[in-house]
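Notes follow once the structure below has been shown.
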Amino acid sequence: MITINNLSFAYKKQKPLFNELSLNERTGQIIGLLGKNGAGKTTLLQLISGLLTPKSGQIDINGLNPINHAPVLLEQIYFVPEEFIMPSVKMHSYVNGYASFYPRFDKALFNELIKQFELDENKNLSKMSHGQKKKFRIAFALASKCQLIVLDEPTNGLDIPSKAIFRQMVAGALEDDQTVIISTHQVKDVETLIDKILLIDNGQIIFDESIINLSERYNFKIVSHLPEHTLYSELNPMGYKVLTPSDGETSEVDIELLFNAINDGVKFNNEKPNHE
Ligand SMILES: Nc1ncnc2c1ncn2[C@@H]1O[C@H](COP(=O)(O)OP(=O)(O)OP(=O)(O)O)[C@@H](O)[C@H]1O
């Protein structure tokens, strides 16, 4: 559904940010896009959403190039930026005006989501707090039922209960034909949600792996003594957080540990472990 071939991009008077970046993602996944500050996550999301134009290379979303702004594609992409300004209108007026751009918009779902987020639909959007505005945009994005939902740092500004509600909403509100890309540094907020991890560095996707494969091939554990086959470890109040090849048990992927291990140069392979 999302195919990127040899994408190159540079901001004006800046050195190239992406150089021949390629990517192929099937429909129906929740993708976590990770990377250090300035790696280009927001820029890549904007390119995918048709808000920026590549210098060269092709982006293809459901067979269409987002930069052509075809209405049939625009009505299937919803992008929630990290920072945004809301107009001075009441929530219900905004929804009445903008929902019609999204043919699959589900008003009942929207009402349910704003109830869960404890938002008041009679409130003026411009007078909402940062976290409330963010919750409104997330609720609108999910209710849009767009085939591609792009969320840039969605949990920044959300209070602790809202982060859990966010996870439940995303997990519960999606159809099989929807793909969600979440760019975040708050990996704990999405750890139980995402199906795969993309890691961007130096203008390239340097890691592209499903959570299920990672949990089959590697163990992420807290131990008091370093095991023999430790690939990467970090000191922890309980001893060590360690990454090892799988011993046959599956363990939940610790994305922060994984991220640090990749940055430390640990090599991950595609082979399934043999425990016979
Ligand atoms: N409008 C712009 N003009 C020029 N340079 C820009 C612009 N927007 C971003 N950049 C630069 O492009 C690079 C990538 O920025 P981007 O915001 O995509 O990174 P990011 O991975 O989302 O970063 P962060 O994690 O800090 O949010 C940075 O070096 C940034 O300074």
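Residue numbers start at 1 in each chain; chains themselves are named A, B, ... in the order of the structure tokens; ligands are numbered from 1 in the order shown.
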Per residue of stretch 159-204 of chain A within 12 Å of stretch 53-77 of chain A, note the shortest atom pair and the distance in Å to one decimal, counting only C-alpha atoms, and order the rows by chain and increasing residue number, as a Markdown table.
| residue | atom | partner | partner_atom | distance |
| --- | --- | --- | --- | --- |
| A:Asp177 | CA | A:Asn62 | CA | 10.8 |
| A:Gln178 | CA | A:Gln76 | CA | 9.4 |
| A:Thr179 | CA | A:Ile77 | CA | 9.8 |
| A:Val180 | CA | A:Ile77 | CA | 9.9 |
| A:Ile181 | CA | A:Ile77 | CA | 11.0 |
Every residue of stretch 22-63 of chain A that DSSP places in strand (DSSP E or B), as a list in words: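 The strand (DSSP E or B) residues within stretch 22-63 of chain A come out as Ser22, Leu23, Asn24, Glu25, Ile30, Ile31, Gly32, Leu33, Leu34, Ser56, Gly57, Gln58, Ile59, Asp60 and Ile61 of chain A.
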Nearby residues, ligand 1, 10 Å, only C-alpha atoms and all ligand atoms, as a ChimeraX atom specification: /A:9-18,33-47,52,82,152-153,183-185,200-201,203
With N, CA and C atoms retained, could you export that selection as a tab-separated table (two decimals), in the first residue's frame?
chain	number	residue	atom	x	y	z
A	9	PHE	N	15.40	13.86	-0.93
A	9	PHE	CA	14.77	15.12	-0.52
A	9	PHE	C	15.77	15.97	0.23
A	10	ALA	N	15.72	17.27	-0.01
A	10	ALA	CA	16.53	18.23	0.77
A	10	ALA	C	15.71	19.49	0.95
A	11	TYR	N	15.76	20.08	2.15
A	11	TYR	CA	15.18	21.41	2.32
A	11	TYR	C	16.10	22.40	1.62
A	12	LYS	N	15.50	23.56	1.23
A	12	LYS	CA	16.27	24.59	0.51
A	12	LYS	C	17.54	24.96	1.26
A	13	LYS	N	18.63	25.00	0.54
A	13	LYS	CA	19.94	25.40	1.08
A	13	LYS	C	20.43	24.48	2.19
A	14	GLN	N	19.90	23.26	2.27
A	14	GLN	CA	20.34	22.29	3.28
A	14	GLN	C	20.93	21.08	2.55
A	15	LYS	N	21.76	20.34	3.27
A	15	LYS	CA	22.27	19.13	2.65
A	15	LYS	C	21.15	18.08	2.57
A	16	PRO	N	21.28	17.10	1.64
A	16	PRO	CA	20.18	16.13	1.46
A	16	PRO	C	19.83	15.43	2.77
A	17	LEU	N	18.52	15.32	3.01
A	17	LEU	CA	18.05	14.62	4.21
A	17	LEU	C	17.82	13.14	3.88
A	18	PHE	N	17.21	12.89	2.73
A	18	PHE	CA	17.02	11.51	2.27
A	18	PHE	C	17.73	11.33	0.94
A	33	LEU	N	7.36	4.66	13.72
A	33	LEU	CA	8.50	5.28	13.04
A	33	LEU	C	9.38	5.95	14.10
A	34	LEU	N	10.59	5.42	14.25
A	34	LEU	CA	11.49	5.91	15.29
A	34	LEU	C	12.74	6.51	14.65
A	35	GLY	N	13.44	7.30	15.43
A	35	GLY	CA	14.69	7.89	14.95
A	35	GLY	C	15.09	9.01	15.89
A	36	LYS	N	16.38	9.35	15.85
A	36	LYS	CA	16.87	10.40	16.73
A	36	LYS	C	16.29	11.75	16.32
A	37	ASN	N	16.46	12.76	17.16
A	37	ASN	CA	16.03	14.12	16.80
A	37	ASN	C	16.69	14.52	15.48
A	38	GLY	N	15.88	15.07	14.60
A	38	GLY	CA	16.40	15.56	13.33
A	38	GLY	C	16.66	14.48	12.29
A	39	ALA	N	16.29	13.22	12.59
A	39	ALA	CA	16.54	12.13	11.64
A	39	ALA	C	15.67	12.28	10.38
A	40	GLY	N	14.55	12.96	10.51
A	40	GLY	CA	13.70	13.17	9.33
A	40	GLY	C	12.33	12.51	9.42
A	41	LYS	N	11.90	12.15	10.62
A	41	LYS	CA	10.60	11.46	10.77
A	41	LYS	C	9.44	12.34	10.29
A	42	THR	N	9.40	13.59	10.82
A	42	THR	CA	8.30	14.47	10.42
A	42	THR	C	8.35	14.74	8.92
A	43	THR	N	9.54	14.94	8.40
A	43	THR	CA	9.68	15.21	6.96
A	43	THR	C	9.16	14.03	6.15
A	44	LEU	N	9.51	12.81	6.56
A	44	LEU	CA	9.05	11.63	5.82
A	44	LEU	C	7.51	11.53	5.89
A	45	LEU	N	6.95	11.82	7.06
A	45	LEU	CA	5.49	11.77	7.20
A	45	LEU	C	4.84	12.82	6.29
A	46	GLN	N	5.47	13.98	6.20
A	46	GLN	CA	4.91	15.03	5.33
A	46	GLN	C	5.03	14.66	3.86
A	47	LEU	N	6.12	13.99	3.49
A	47	LEU	CA	6.27	13.53	2.09
A	47	LEU	C	5.20	12.48	1.78
A	52	LEU	N	4.91	17.71	1.24
A	52	LEU	CA	6.21	18.12	0.70
A	52	LEU	C	6.44	17.38	-0.62
A	82	GLU	N	2.53	17.24	14.84
A	82	GLU	CA	2.91	17.35	16.25
A	82	GLU	C	2.38	18.66	16.85
A	152	ASP	N	1.94	12.23	14.20
A	152	ASP	CA	3.29	12.68	14.55
A	152	ASP	C	3.31	13.01	16.05
A	153	GLU	N	4.03	12.24	16.81
A	153	GLU	CA	4.11	12.40	18.28
A	153	GLU	C	2.73	12.56	18.91
A	183	SER	N	4.82	8.33	14.53
A	183	SER	CA	6.19	8.74	14.81
A	183	SER	C	6.26	9.13	16.27
A	184	THR	N	7.22	8.60	17.00
A	184	THR	CA	7.26	8.92	18.42
A	184	THR	C	8.63	8.71	19.04
A	185	HIS	N	8.88	9.49	20.11
A	185	HIS	CA	9.99	9.20	21.01
A	185	HIS	C	9.46	8.53	22.27
A	200	ILE	N	14.73	5.21	11.30
A	200	ILE	CA	15.31	6.06	10.27
A	200	ILE	C	16.59	6.71	10.83
A	201	ASP	N	17.63	6.69	10.01
A	201	ASP	CA	18.90	7.29	10.44
A	201	ASP	C	19.73	7.62	9.21
A	203	GLY	N	19.33	9.45	6.70
A	203	GLY	CA	18.62	9.49	5.42
A	203	GLY	C	18.16	8.16	4.89
Polymer residues at most 10 Å from A:Ile262, only C-alpha atoms, same-chain spacing of 6 or more positions, as a ChimeraX atom specification: /A:199,206-207,232,256,268
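Between A:Tyr218 and the candidates A:Val80, A:Val187, A:Val253, A:Leu198, the tightest atom-to-atom separation, counting only C-alpha atoms, involves A:Val253.
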All helix (DSSP H, G or I) residues (DSSP, backbone) inside stretch 42-269 of chain A, as a ChimeraX atom specification: /A:42-48,66-68,71-74,91-101,107-116,125-127,130-144,160-173,187-190,211-217,255-263
Within 8 Å of A:Ser22, counting only C-alpha atoms, which residues show up once you throw out same-chain ones fewer than 6 positions away? Write them as a PDB file with C-alpha atoms, in the first residue's frame, please.
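The resulting file, part-v4.pdb, is reproduced below:
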ATOM      1  CA  THR A   3       5.729   2.088  -1.693  1.00  0.00           C
ATOM      2  CA  ILE A   4       8.648   4.468  -1.758  1.00  0.00           C
ATOM      3  CA  ASN A   5      11.335   4.073  -4.405  1.00  0.00           C
ATOM      4  CA  ASN A   6      14.659   5.905  -4.313  1.00  0.00           C
ATOM      5  CA  LEU A   7      13.284   8.953  -2.540  1.00  0.00           C
ATOM      6  CA  GLN A 204      17.845   5.782   5.270  1.00  0.00           C
ATOM      7  CA  ILE A 205      15.506   3.234   6.833  1.00  0.00           C
TER       8      ILE A 205
END
Who sits within 12 Å of stretch 102-118 of chain A, only C-alpha atoms, same chain under 2 positions skipped, as JSON, numbers by chain: {"A": [71, 72, 73, 74, 75, 76, 77, 78, 91, 92, 95, 96, 97, 98, 99, 100, 120, 121, 122, 123, 131, 132, 133, 134, 135, 136, 137, 138, 139, 140, 141, 142, 143, 144, 145, 146, 147, 148, 158, 159, 160, 161, 162, 163, 164, 165, 166, 167, 168, 169, 170, 172, 173, 174, 175, 178]}
Length of the atom CA of A:Lys90 to atom CA of A:Pro154 vector [Å]: 21.9 Å
Within 12 Å of A:Asn219 using only C-alpha atoms, minus same-chain residues under 6 positions, as a PDB file with N, CA and C atoms, in the first residue's frame:
ATOM      1  N   ILE A 211       7.176  -6.696  15.103  1.00  0.00           N
ATOM      2  CA  ILE A 211       7.306  -6.996  16.538  1.00  0.00           C
ATOM      3  C   ILE A 211       7.253  -8.500  16.755  1.00  0.00           C
ATOM      4  N   ILE A 212       6.397  -9.176  15.993  1.00  0.00           N
ATOM      5  CA  ILE A 212       6.238 -10.619  16.190  1.00  0.00           C
ATOM      6  C   ILE A 212       7.542 -11.358  15.874  1.00  0.00           C
ATOM      7  N   ASN A 213       8.196 -10.948  14.785  1.00  0.00           N
ATOM      8  CA  ASN A 213       9.484 -11.573  14.451  1.00  0.00           C
ATOM      9  C   ASN A 213      10.526 -11.292  15.522  1.00  0.00           C
ATOM     10  N   PRO A 227      23.710 -12.824  31.040  1.00  0.00           N
ATOM     11  CA  PRO A 227      23.791 -14.153  30.438  1.00  0.00           C
ATOM     12  C   PRO A 227      24.922 -14.243  29.418  1.00  0.00           C
ATOM     13  N   HIS A 229      25.088 -15.168  26.244  1.00  0.00           N
ATOM     14  CA  HIS A 229      24.934 -14.699  24.856  1.00  0.00           C
ATOM     15  C   HIS A 229      24.356 -13.288  24.774  1.00  0.00           C
ATOM     16  N   THR A 230      24.718 -12.456  25.721  1.00  0.00           N
ATOM     17  CA  THR A 230      24.170 -11.091  25.724  1.00  0.00           C
ATOM     18  C   THR A 230      24.596 -10.326  24.458  1.00  0.00           C
ATOM     19  N   LEU A 231      23.619  -9.784  23.765  1.00  0.00           N
ATOM     20  CA  LEU A 231      23.923  -8.955  22.585  1.00  0.00           C
ATOM     21  C   LEU A 231      24.075  -7.494  22.986  1.00  0.00           C
ATOM     22  N   TYR A 232      23.274  -7.107  23.999  1.00  0.00           N
ATOM     23  CA  TYR A 232      23.323  -5.715  24.453  1.00  0.00           C
ATOM     24  C   TYR A 232      22.751  -5.686  25.858  1.00  0.00           C
ATOM     25  N   SER A 233      23.308  -4.826  26.708  1.00  0.00           N
ATOM     26  CA  SER A 233      22.773  -4.726  28.075  1.00  0.00           C
ATOM     27  C   SER A 233      22.845  -3.294  28.575  1.00  0.00           C
ATOM     28  N   LYS A 241      19.089  -4.793  32.100  1.00  0.00           N
ATOM     29  CA  LYS A 241      18.135  -5.068  31.013  1.00  0.00           C
ATOM     30  C   LYS A 241      18.974  -5.685  29.910  1.00  0.00           C
ATOM     31  N   VAL A 242      18.600  -6.868  29.436  1.00  0.00           N
ATOM     32  CA  VAL A 242      19.447  -7.518  28.430  1.00  0.00           C
ATOM     33  C   VAL A 242      18.662  -7.920  27.195  1.00  0.00           C
ATOM     34  N   LEU A 243      19.382  -7.882  26.102  1.00  0.00           N
ATOM     35  CA  LEU A 243      18.882  -8.384  24.823  1.00  0.00           C
ATOM     36  C   LEU A 243      19.732  -9.593  24.469  1.00  0.00           C
ATOM     37  N   THR A 244      19.066 -10.734  24.267  1.00  0.00           N
ATOM     38  CA  THR A 244      19.786 -11.956  23.902  1.00  0.00           C
ATOM     39  C   THR A 244      19.041 -12.629  22.754  1.00  0.00           C
ATOM     40  N   PRO A 245      19.702 -13.559  22.052  1.00  0.00           N
ATOM     41  CA  PRO A 245      18.933 -14.364  21.098  1.00  0.00           C
ATOM     42  C   PRO A 245      17.877 -15.145  21.876  1.00  0.00           C
ATOM     43  N   SER A 246      16.776 -15.469  21.223  1.00  0.00           N
ATOM     44  CA  SER A 246      15.681 -16.160  21.921  1.00  0.00           C
ATOM     45  C   SER A 246      16.128 -17.533  22.419  1.00  0.00           C
ATOM     46  N   ASP A 247      15.660 -17.888  23.625  1.00  0.00           N
ATOM     47  CA  ASP A 247      15.940 -19.228  24.150  1.00  0.00           C
ATOM     48  C   ASP A 247      14.726 -20.128  23.937  1.00  0.00           C
ATOM     49  N   GLY A 248      13.797 -19.691  23.098  1.00  0.00           N
ATOM     50  CA  GLY A 248      12.602 -20.490  22.836  1.00  0.00           C
ATOM     51  C   GLY A 248      11.358 -19.852  23.406  1.00  0.00           C
ATOM     52  N   GLU A 249      11.541 -19.097  24.480  1.00  0.00           N
ATOM     53  CA  GLU A 249      10.403 -18.361  25.043  1.00  0.00           C
ATOM     54  C   GLU A 249      10.229 -17.069  24.251  1.00  0.00           C
ATOM     55  N   THR A 250       8.970 -16.623  24.123  1.00  0.00           N
ATOM     56  CA  THR A 250       8.804 -15.295  23.521  1.00  0.00           C
ATOM     57  C   THR A 250       8.737 -14.270  24.645  1.00  0.00           C
ATOM     58  N   SER A 251       9.266 -13.081  24.376  1.00  0.00           N
ATOM     59  CA  SER A 251       9.189 -12.026  25.398  1.00  0.00           C
ATOM     60  C   SER A 251       8.724 -10.747  24.727  1.00  0.00           C
ATOM     61  N   GLU A 252       8.135  -9.862  25.522  1.00  0.00           N
ATOM     62  CA  GLU A 252       7.685  -8.589  24.960  1.00  0.00           C
ATOM     63  C   GLU A 252       8.887  -7.754  24.531  1.00  0.00           C
ATOM     64  N   VAL A 253       8.768  -7.142  23.366  1.00  0.00           N
ATOM     65  CA  VAL A 253       9.881  -6.349  22.843  1.00  0.00           C
ATOM     66  C   VAL A 253      10.008  -5.040  23.641  1.00  0.00           C
ATOM     67  N   ASP A 254      11.188  -4.796  24.164  1.00  0.00           N
ATOM     68  CA  ASP A 254      11.476  -3.543  24.855  1.00  0.00           C
ATOM     69  C   ASP A 254      12.055  -2.605  23.790  1.00  0.00           C
ATOM     70  N   ILE A 255      11.209  -1.709  23.276  1.00  0.00           N
ATOM     71  CA  ILE A 255      11.609  -0.914  22.106  1.00  0.00           C
ATOM     72  C   ILE A 255      12.768   0.027  22.437  1.00  0.00           C
ATOM     73  N   LEU A 257      15.175  -0.503  24.585  1.00  0.00           N
ATOM     74  CA  LEU A 257      16.412  -1.302  24.612  1.00  0.00           C
ATOM     75  C   LEU A 257      16.843  -1.645  23.182  1.00  0.00           C
ATOM     76  N   LEU A 258      15.857  -2.005  22.360  1.00  0.00           N
ATOM     77  CA  LEU A 258      16.138  -2.329  20.959  1.00  0.00           C
ATOM     78  C   LEU A 258      16.763  -1.133  20.242  1.00  0.00           C
ATOM     79  N   PRO A 273      15.434 -18.542  15.171  1.00  0.00           N
ATOM     80  CA  PRO A 273      16.304 -19.386  15.973  1.00  0.00           C
ATOM     81  C   PRO A 273      15.868 -20.845  15.938  1.00  0.00           C
TER      82      PRO A 273
END
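With atom CA of A:Gly157 on one side and atom CA of A:Asp208 on the other, the separation reads 27.7 Å.
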Write out as a CSV table (one decimal) with N, CA and C atoms, in the first residue's frame the residues lying within 8 Å of A:Met238, counting only C-alpha atoms and excluding same-chain residues fewer than 5 positions away.
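Listing of selection-v3.csv after writing:
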chain,number,residue,atom,x,y,z
A,222,ILE,N,14.9,-8.6,32.2
A,222,ILE,CA,15.7,-8.0,33.3
A,222,ILE,C,16.3,-9.1,34.1
A,223,VAL,N,17.6,-9.1,34.3
A,223,VAL,CA,18.3,-10.2,35.0
A,223,VAL,C,19.3,-9.7,36.0
A,224,SER,N,19.6,-10.5,36.9
A,224,SER,CA,20.6,-10.0,37.9
A,224,SER,C,22.1,-10.2,37.5
Nearest candidate to A:Asn24 (options A:Glu216, A:Glu234, A:Glu209, A:Glu228; using only C-alpha atoms):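 Closest residue, counting only C-alpha atoms: A:Glu209.
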